>>> print(open('model39.txt').read())   # compact mmCIF, C-alpha atoms and all ligand atoms
# COMPACT_ATOMS: atom_id res chain seq x y z
CA MET A 1 85.43 80.19 73.86
CA THR A 2 83.10 78.88 71.20
CA THR A 3 79.91 77.43 72.66
CA GLN A 4 78.27 79.79 75.10
CA THR A 5 74.79 78.37 74.75
CA SER A 6 74.41 77.49 78.41
CA VAL A 7 75.52 80.96 79.50
CA LYS A 8 72.92 83.68 79.68
CA VAL A 9 73.67 86.37 77.14
CA PRO A 10 73.94 89.71 78.95
CA SER A 11 72.40 92.79 77.40
CA LEU A 12 75.08 94.92 75.77
CA LYS A 13 73.28 98.16 76.58
CA LYS A 14 72.95 97.15 80.23
CA VAL A 15 76.60 96.19 80.53
CA TYR A 16 77.48 99.65 79.20
CA GLU A 17 74.76 101.72 80.85
CA ASN A 18 77.26 103.54 83.06
CA TYR A 19 79.61 104.16 80.14
CA PHE A 20 77.82 105.21 76.96
CA ASP A 21 74.78 104.52 74.79
CA ILE A 22 74.96 101.53 72.47
CA GLY A 23 73.45 102.26 69.07
CA ALA A 24 72.74 100.57 65.75
CA ALA A 25 72.04 101.91 62.28
CA VAL A 26 68.70 100.55 61.06
CA ASN A 27 66.36 100.53 58.10
CA LEU A 28 62.76 99.47 57.54
CA HIS A 29 63.86 95.90 56.86
CA THR A 30 66.15 95.43 59.86
CA ILE A 31 63.71 96.89 62.40
CA VAL A 32 61.63 93.82 61.56
CA THR A 33 64.24 91.13 60.96
CA GLN A 34 66.47 92.24 63.85
CA GLN A 35 63.77 93.51 66.21
CA PRO A 36 64.42 91.18 69.18
CA LEU A 37 68.17 91.70 68.95
CA LEU A 38 67.81 95.47 68.74
CA ALA A 39 65.43 95.57 71.68
CA GLN A 40 67.67 93.43 73.86
CA HIS A 41 71.04 95.04 73.22
CA PHE A 42 70.68 98.57 71.86
CA ASN A 43 69.30 101.77 73.38
CA SER A 44 69.90 104.10 70.44
CA ILE A 45 69.29 103.99 66.69
CA THR A 46 70.34 105.94 63.63
CA ALA A 47 68.57 105.81 60.26
CA GLU A 48 71.02 104.19 57.88
CA ASN A 49 69.65 106.13 54.89
CA ASP A 50 66.12 107.30 55.52
CA MET A 51 66.93 110.75 56.88
CA LYS A 52 69.41 111.72 54.19
CA PHE A 53 68.55 114.67 51.97
CA GLU A 54 67.62 112.63 48.88
CA ASN A 55 65.31 110.42 50.91
CA ILE A 56 63.59 113.18 52.84
CA GLN A 57 63.26 115.97 50.26
CA PRO A 58 63.67 114.31 46.84
CA LEU A 59 61.99 117.27 45.11
CA GLU A 60 61.85 120.85 46.23
CA GLY A 61 59.24 121.27 48.93
CA GLN A 62 58.13 117.61 48.72
CA PHE A 63 59.07 116.05 51.99
CA THR A 64 58.75 112.29 52.28
CA PHE A 65 58.84 111.47 55.95
CA GLU A 66 57.07 108.10 55.95
CA ARG A 67 60.13 105.88 56.33
CA ALA A 68 61.90 108.20 58.74
CA ASP A 69 58.72 108.45 60.81
CA GLU A 70 58.51 104.68 61.06
CA LEU A 71 62.04 104.50 62.38
CA ALA A 72 61.32 107.28 64.87
CA ALA A 73 58.21 105.40 66.01
CA PHE A 74 60.30 102.24 66.41
CA ALA A 75 62.72 104.14 68.66
CA LYS A 76 59.89 105.49 70.77
CA LYS A 77 58.15 102.14 71.10
CA ASN A 78 61.34 100.44 72.21
CA GLY A 79 62.44 103.24 74.54
CA MET A 80 65.50 104.06 72.46
CA ARG A 81 67.20 107.36 71.77
CA MET A 82 67.66 108.44 68.20
CA ARG A 83 70.58 110.16 66.43
CA GLY A 84 69.80 112.22 63.34
CA HIS A 85 71.84 111.48 60.22
CA THR A 86 72.44 113.69 58.30
CA LEU A 87 71.62 117.28 57.26
CA VAL A 88 74.49 118.41 54.99
CA TRP A 89 76.51 115.99 52.87
CA HIS A 90 78.04 115.94 49.39
CA ASN A 91 76.52 112.51 48.75
CA GLN A 92 72.91 111.38 48.50
CA THR A 93 71.78 114.96 47.93
CA PRO A 94 69.53 115.51 44.91
CA ASP A 95 70.67 117.70 42.00
CA TRP A 96 67.70 120.07 42.31
CA VAL A 97 69.22 121.49 45.50
CA PHE A 98 72.00 123.14 43.51
CA GLN A 99 70.06 124.08 40.36
CA ASP A 100 67.29 126.40 39.23
CA ALA A 101 64.36 125.34 37.06
CA ASN A 102 66.55 125.63 33.95
CA GLY A 103 69.30 123.47 35.35
CA LYS A 104 71.56 126.46 35.99
CA GLN A 105 73.59 126.58 39.19
CA VAL A 106 71.87 128.64 41.89
CA ASP A 107 73.50 131.51 43.75
CA ARG A 108 74.70 131.59 47.34
CA GLU A 109 71.58 133.21 48.77
CA THR A 110 69.27 130.68 47.15
CA LEU A 111 71.28 127.72 48.36
CA LEU A 112 71.52 129.12 51.89
CA GLN A 113 67.76 129.58 51.89
CA ARG A 114 67.23 125.98 50.74
CA LEU A 115 69.64 124.72 53.36
CA LYS A 116 67.90 126.68 56.09
CA ASN A 117 64.49 125.54 55.00
CA HIS A 118 65.52 121.87 54.84
CA ILE A 119 67.10 121.99 58.27
CA ASN A 120 64.09 123.80 59.74
CA VAL A 121 61.47 121.45 58.42
CA VAL A 122 63.38 118.27 59.27
CA MET A 123 64.53 119.27 62.74
CA GLU A 124 61.16 120.74 63.62
CA ARG A 125 59.48 117.43 62.80
CA TYR A 126 61.76 115.38 65.04
CA LYS A 127 62.07 117.82 67.93
CA GLY A 128 61.95 115.87 71.17
CA THR A 129 62.53 112.57 69.34
CA ILE A 130 65.98 113.11 67.90
CA TYR A 131 68.34 114.39 70.56
CA CYS A 132 71.38 114.97 68.36
CA TRP A 133 72.14 115.51 64.68
CA ASP A 134 75.10 114.89 62.41
CA VAL A 135 74.74 118.39 61.00
CA VAL A 136 77.63 118.23 58.54
CA ASN A 137 79.02 114.93 57.25
CA GLU A 138 82.45 114.45 55.61
CA ALA A 139 83.39 118.04 54.73
CA VAL A 140 87.16 117.44 54.96
CA THR A 141 89.45 116.03 52.24
CA ASP A 142 91.42 112.83 52.78
CA GLU A 143 94.46 113.68 50.69
CA GLY A 144 96.51 116.73 49.88
CA PRO A 145 96.98 120.08 51.54
CA GLU A 146 93.40 121.36 51.15
CA LEU A 147 91.18 121.31 54.19
CA TYR A 148 87.76 121.40 52.58
CA ARG A 149 86.40 118.66 50.33
CA SER A 150 85.39 120.14 47.02
CA THR A 151 81.57 120.01 46.92
CA LYS A 152 78.67 121.98 45.54
CA TRP A 153 78.04 123.36 49.02
CA LEU A 154 81.57 124.74 49.14
CA GLU A 155 81.59 125.92 45.55
CA ILE A 156 78.33 127.83 45.75
CA ILE A 157 78.20 129.08 49.34
CA GLY A 158 81.86 129.17 50.33
CA GLU A 159 83.62 127.88 53.43
CA ASP A 160 81.03 129.31 55.77
CA TYR A 161 78.41 126.80 54.61
CA ILE A 162 79.51 124.68 57.55
CA GLU A 163 79.00 127.31 60.23
CA LYS A 164 75.75 128.41 58.60
CA ALA A 165 74.45 124.85 58.79
CA PHE A 166 75.24 124.67 62.51
CA GLU A 167 73.63 128.06 63.12
CA PHE A 168 70.47 127.09 61.25
CA ALA A 169 70.34 123.80 63.14
CA HIS A 170 70.74 125.51 66.49
CA GLU A 171 67.95 127.95 65.67
CA ALA A 172 65.69 125.13 64.51
CA ASP A 173 66.11 123.12 67.72
CA PRO A 174 68.14 124.82 70.46
CA GLU A 175 67.98 121.63 72.58
CA ALA A 176 69.57 119.35 69.98
CA LEU A 177 73.22 118.39 70.27
CA LEU A 178 75.00 119.19 67.04
CA PHE A 179 77.81 117.03 65.64
CA TYR A 180 80.44 117.24 62.94
CA ASN A 181 80.87 113.68 61.57
CA ASP A 182 83.66 112.17 59.45
CA TYR A 183 85.51 108.98 58.47
CA ASN A 184 89.25 108.20 58.46
CA GLU A 185 89.00 110.23 61.63
CA SER A 186 91.94 108.39 63.24
CA ASP A 187 94.32 108.84 60.31
CA PRO A 188 96.92 111.36 61.57
CA GLN A 189 96.71 113.67 58.56
CA LYS A 190 92.93 113.68 58.32
CA ARG A 191 92.64 113.92 62.11
CA GLU A 192 94.54 117.19 62.12
CA LYS A 193 92.32 118.60 59.38
CA ILE A 194 89.15 117.63 61.23
CA TYR A 195 90.61 119.08 64.42
CA LYS A 196 91.46 122.31 62.65
CA LEU A 197 88.01 122.64 61.14
CA VAL A 198 86.15 121.93 64.36
CA LYS A 199 88.50 124.13 66.40
CA SER A 200 87.84 127.02 64.05
CA LEU A 201 84.11 126.53 64.63
CA VAL A 202 84.55 126.42 68.40
CA ASP A 203 86.79 129.52 68.34
CA LYS A 204 84.16 131.43 66.37
CA GLY A 205 81.46 130.49 68.86
CA VAL A 206 79.57 128.34 66.33
CA PRO A 207 77.10 126.02 68.11
CA VAL A 208 78.88 122.69 67.70
CA HIS A 209 78.66 120.22 70.56
CA GLY A 210 80.38 117.10 69.39
CA VAL A 211 82.60 115.22 67.00
CA GLY A 212 81.34 112.03 65.38
CA LEU A 213 84.03 109.45 64.68
CA GLN A 214 82.56 107.19 62.02
CA ALA A 215 84.93 104.38 63.03
CA HIS A 216 84.73 102.19 59.93
CA TRP A 217 87.73 100.20 61.05
CA LYS A 218 89.61 97.07 59.97
CA LEU A 219 91.35 94.28 61.89
CA VAL A 220 94.68 96.09 62.00
CA ASN A 221 94.09 99.69 60.89
CA PRO A 222 93.86 102.24 62.31
CA SER A 223 96.22 101.28 65.11
CA LEU A 224 95.05 101.51 68.69
CA GLU A 225 97.50 104.34 69.27
CA GLU A 226 96.09 106.28 66.33
CA ILE A 227 92.59 105.83 67.73
CA ARG A 228 93.71 106.94 71.18
CA THR A 229 95.44 110.04 69.81
CA ALA A 230 92.38 110.96 67.77
CA ILE A 231 90.09 110.61 70.79
CA GLU A 232 92.37 112.76 72.92
CA ARG A 233 92.79 115.37 70.22
CA TYR A 234 89.06 115.82 69.62
CA ALA A 235 88.25 115.63 73.32
CA SER A 236 90.74 118.44 73.97
CA LEU A 237 88.27 120.76 72.22
CA GLY A 238 85.95 120.24 75.18
CA LEU A 239 83.34 118.54 72.98
CA LYS A 240 81.49 115.27 73.39
CA LEU A 241 82.52 112.36 71.19
CA HIS A 242 80.30 109.77 69.56
CA LEU A 243 81.41 106.74 67.61
CA THR A 244 78.75 106.99 64.93
CA GLU A 245 79.26 104.15 62.42
CA LEU A 246 81.43 101.50 64.06
CA ASP A 247 82.20 98.27 62.23
CA VAL A 248 85.30 96.08 62.01
CA SER A 249 85.77 94.61 58.55
CA VAL A 250 87.37 91.15 58.62
CA PHE A 251 89.31 91.94 55.45
CA ASN A 252 92.61 93.75 55.47
CA HIS A 253 93.05 96.35 52.79
CA GLU A 254 94.97 94.09 50.41
CA ASP A 255 92.66 91.09 50.91
CA LYS A 256 90.29 91.08 47.92
CA ARG A 257 88.98 87.50 48.20
CA THR A 258 85.35 87.10 47.22
CA ASP A 259 85.00 83.33 47.64
CA LEU A 260 84.49 83.08 51.40
CA THR A 261 81.03 81.98 52.49
CA GLU A 262 81.94 82.34 56.15
CA PRO A 263 84.70 84.13 58.04
CA THR A 264 87.81 82.05 58.79
CA SER A 265 88.52 81.22 62.41
CA GLU A 266 91.63 83.35 62.19
CA MET A 267 89.53 86.34 61.14
CA LEU A 268 87.14 85.78 64.02
CA ASP A 269 89.97 85.47 66.52
CA LEU A 270 91.60 88.65 65.30
CA GLN A 271 88.28 90.47 65.29
CA ALA A 272 87.52 89.38 68.86
CA GLU A 273 90.91 90.62 70.03
CA ARG A 274 90.39 93.86 68.14
CA TYR A 275 86.98 94.49 69.71
CA HIS A 276 88.47 93.63 73.11
CA GLN A 277 91.16 96.28 72.70
CA VAL A 278 88.87 98.88 71.18
CA PHE A 279 86.25 98.68 73.93
CA HIS A 280 88.94 98.68 76.61
CA LEU A 281 90.12 101.95 75.12
CA LEU A 282 86.61 103.38 74.79
CA ARG A 283 85.89 102.64 78.45
CA GLU A 284 89.01 104.58 79.39
CA TYR A 285 87.54 107.64 77.69
CA GLN A 286 84.01 107.28 79.06
CA ASP A 287 84.06 110.90 80.25
CA SER A 288 84.29 112.13 76.66
CA ILE A 289 82.52 109.35 74.77
CA THR A 290 78.77 109.36 75.31
CA SER A 291 77.56 107.08 72.52
CA VAL A 292 78.87 104.17 70.46
CA THR A 293 76.77 103.30 67.42
CA PHE A 294 77.44 100.32 65.16
CA TRP A 295 76.67 100.73 61.46
CA GLY A 296 74.27 97.79 61.67
CA ALA A 297 73.58 95.22 64.36
CA ALA A 298 74.40 91.69 63.17
CA ASP A 299 76.30 90.03 60.33
CA ASP A 300 73.20 89.17 58.29
CA TYR A 301 73.09 92.77 57.08
CA THR A 302 76.00 95.15 56.53
CA TRP A 303 76.73 97.78 53.90
CA LEU A 304 80.24 96.22 53.76
CA SER A 305 78.84 93.18 51.95
CA ASP A 306 79.49 94.60 48.48
CA PHE A 307 81.68 97.52 49.47
CA PRO A 308 84.38 98.25 48.52
CA VAL A 309 84.63 94.82 46.83
CA LYS A 310 81.53 93.87 44.85
CA GLY A 311 79.97 90.53 45.68
CA ARG A 312 82.00 90.02 48.83
CA LYS A 313 80.26 89.21 52.10
CA ASN A 314 81.64 90.74 55.30
CA TRP A 315 81.08 89.94 58.99
CA PRO A 316 81.89 93.10 60.91
CA PHE A 317 79.70 92.95 64.05
CA LEU A 318 79.41 91.40 67.51
CA PHE A 319 76.49 89.16 66.47
CA ASP A 320 76.56 86.56 63.71
CA GLU A 321 74.15 86.02 60.83
CA LYS A 322 71.78 84.14 63.17
CA HIS A 323 72.02 86.96 65.74
CA GLN A 324 74.06 84.80 68.10
CA PRO A 325 76.88 86.45 70.07
CA LYS A 326 80.31 85.96 68.53
CA ASP A 327 83.57 85.78 70.48
CA SER A 328 83.81 89.48 69.70
CA PHE A 329 80.68 90.03 71.78
CA TRP A 330 82.03 88.13 74.79
CA LYS A 331 85.26 90.11 74.64
CA VAL A 332 83.28 93.33 74.82
CA VAL A 333 81.04 92.39 77.75
CA GLN A 334 83.56 90.57 79.94
CA PHE A 335 85.74 93.05 81.75
C1 LIG A 401 79.16 107.15 55.23
C2 LIG A 401 77.86 107.84 55.64
C3 LIG A 401 76.83 106.83 56.03
C4 LIG A 401 76.78 105.68 55.08
C5 LIG A 401 78.13 105.05 54.95
C6 LIG A 401 78.00 103.84 54.08
O1 LIG A 401 79.90 106.73 56.30
O2 LIG A 401 78.03 108.74 56.69
O3 LIG A 401 75.61 107.47 56.04
O4 LIG A 401 76.33 106.08 53.82
O5 LIG A 401 78.98 106.03 54.41
O6 LIG A 401 76.90 103.08 54.42
>>> encode(input="model39.txt", output="structure tokens")
Amino acid sequence: MTTQTSVKVPSLKKVYENYFDIGAAVNLHTIVTQQPLLAQHFNSITAENDMKFENIQPLEGQFTFERADELAAFAKKNGMRMRGHTLVWHNQTPDWVFQDANGKQVDRETLLQRLKNHINVVMERYKGTIYCWDVVNEAVTDEGPELYRSTKWLEIIGEDYIEKAFEFAHEADPEALLFYNDYNESDPQKREKIYKLVKSLVDKGVPVHGVGLQAHWKLVNPSLEEIRTAIERYASLGLKLHLTELDVSVFNHEDKRTDLTEPTSEMLDLQAERYHQVFHLLREYQDSITSVTFWGAADDYTWLSDFPVKGRKNWPFLFDEKHQPKDSFWKVVQF
């Protein structure tokens, strides 16, 4: 199945309208360069970077909403839903948040106040536009026995920074759906930590409504069975699940080649089969999964070009660099 030019390309969001939303991460560049593609196939967007702490409140009390506002306006104009990403994270958060005017670490009360204020101002602004937020991103460690990633939030506030964030978010917008979001979510060890954390929130009556599975996956890993187990485990908490950052790198972990200018046909075949299996699985769990967002839209732009291997292009999506459907796309829409 290579040339599909004579076949009408179905709209991905329409094919999946009875299953889940189809989203894409966007930025100010891609809402222009990928506009027709986004409008045809996606009914949800997430700001790739423009709603992160450092972008939205770079200095205390100085909120810079221009870029985020443009993305929100794009969603509105195109009749799309919007996910909010993200309120609390160890990354892309400016130093001032954790320091006083003399550069000394602030105390718990001050940091809680800053957290509350940030959440209030940001969620208030996008009330009615953003229907769900990744309230806390990546709070769990990958390795070792510890549950909590060591961060300034944890160090200064303590373990309850997570529940506080959810409580502040719920107060700021009681209508918004609140998510805990993390990567390596299908790895058995990390999965159990995420489960434990979220379960403890649920048991305490903390307002958490969903688990975000980032889903930065590769051709082989995580295995389909690991993904299935993770979905079932999180769904057993009675929460909604979103895939929040889906992409399928064409490089296996040990493959560090940087000389490819296009994906090999073997890569594309494996990727198509992988997407086929993944979406088959996601459809099975349509009662729990309400949104599937790709971390981009087409192969002309992906954060994976340069990460984790510098100078290496990647091709992780359903659409190629010219926005044409790949075999991966056809495998996802034909069922
Ligand atoms: C994490 C974050 C995203 C993004 C990716 C890399 O998954 O949640 O916001 O920064 O890393 O693009």
>>> residues_around(input="model39.txt", residues="Thr229 in chain A", least_positions_apart="4", cutoff="8 Å", atoms="only C-alpha atoms", output="PyMOL selection string")
chain A and resi 186+225+233
>>> write_last_selection(input="model39.txt", atoms="C-alpha atoms", output="CSV table (one decimal), in the frame of the given file")
chain,number,residue,atom,x,y,z
A,186,SER,CA,91.9,108.4,63.2
A,225,GLU,CA,97.5,104.3,69.3
A,233,ARG,CA,92.8,115.4,70.2
>>> residues_near_ligand(input="model39.txt", ligand="ligand LIG 401 (chain A)", cutoff="7 Å", atoms="all atoms listed in the file", output="PyMOL selection string")
chain A and resi 48-49+85+137+183+214+245+303
>>> atom_distance(input="model39.txt", atom1="CA of Gly84 in chain A", atom2="CA of Cys132 in chain A")
5.9 Å
>>> axis_aligned_box(input="model39.txt", around="range 20-30 of chain A", padding_each_side="6 Å", output="JSON")
{"center_x": 70.3, "center_y": 100.3, "center_z": 66.9, "size_x": 27.1, "size_y": 21.8, "size_z": 32.1}
>>> atom_distance(input="model39.txt", atom1="CA of Leu154 in chain A", atom2="CA of Glu171 in chain A")
21.7 Å
>>> closest_residue(input="model39.txt", among="A:Glu226, A:Asp259, A:Glu167, A:Glu266", to="Leu281 in chain A", atoms="all atoms listed in the file")
A:Glu226
>>> residues_around(input="model39.txt", residues="Ala75 in chain A", least_positions_apart="3", cutoff="9 Å", atoms="only C-alpha atoms", output="VMD selection string")
chain A and resid 43 to 45 70 to 72 78 to 82 129
>>> residues_around(input="model39.txt", residues="Ile289 in chain A", least_positions_apart="5", cutoff="7 Å", atoms="only C-alpha atoms", output="PyMOL selection string")
chain A and resi 20+240-242
>>> closest_atom_pairs(input="model39.txt", of="range 55-150 of chain A", to="range 205-208 of chain A", cutoff="12 Å", atoms="only C-alpha atoms", output="JSON lines")
{"residue": "A:Cys132", "atom": "CA", "partner": "A:Val208", "partner_atom": "CA", "distance": 10.8}
{"residue": "A:Trp133", "atom": "CA", "partner": "A:Val208", "partner_atom": "CA", "distance": 10.3}
{"residue": "A:Asp134", "atom": "CA", "partner": "A:Val208", "partner_atom": "CA", "distance": 10.2}
{"residue": "A:Val135", "atom": "CA", "partner": "A:Val208", "partner_atom": "CA", "distance": 9.0}
{"residue": "A:Val136", "atom": "CA", "partner": "A:Val208", "partner_atom": "CA", "distance": 10.3}
>>> write_last_selection(input="model39.txt", atoms="C-alpha atoms", output="mmCIF file, keeping the file's coordinate frame")
data_model
loop_
_atom_site.group_PDB
_atom_site.id
_atom_site.type_symbol
_atom_site.label_atom_id
_atom_site.label_comp_id
_atom_site.auth_asym_id
_atom_site.auth_seq_id
_atom_site.Cartn_x
_atom_site.Cartn_y
_atom_site.Cartn_z
ATOM 1 C CA CYS A 132 71.380 114.970 68.360
ATOM 2 C CA TRP A 133 72.140 115.510 64.680
ATOM 3 C CA ASP A 134 75.100 114.890 62.410
ATOM 4 C CA VAL A 135 74.740 118.390 61.000
ATOM 5 C CA VAL A 136 77.630 118.230 58.540
#
>>> closest_residue(input="model39.txt", among="A:Tyr180, A:Thr110, A:Lys14, A:Phe168", to="Ile156 in chain A", atoms="all atoms listed in the file")
A:Thr110
>>> closest_residue(input="model39.txt", among="A:Ser288, A:Ile227, A:Leu304, A:Ala297", to="Phe251 in chain A", atoms="only C-alpha atoms")
A:Leu304
>>> residues_near_point(input="model39.txt", point="(84.5, 98.7, 52.2)", cutoff="12 Å", atoms="only C-alpha atoms", output="VMD selection string")
chain A and resid 216 to 218 247 to 256 302 to 316
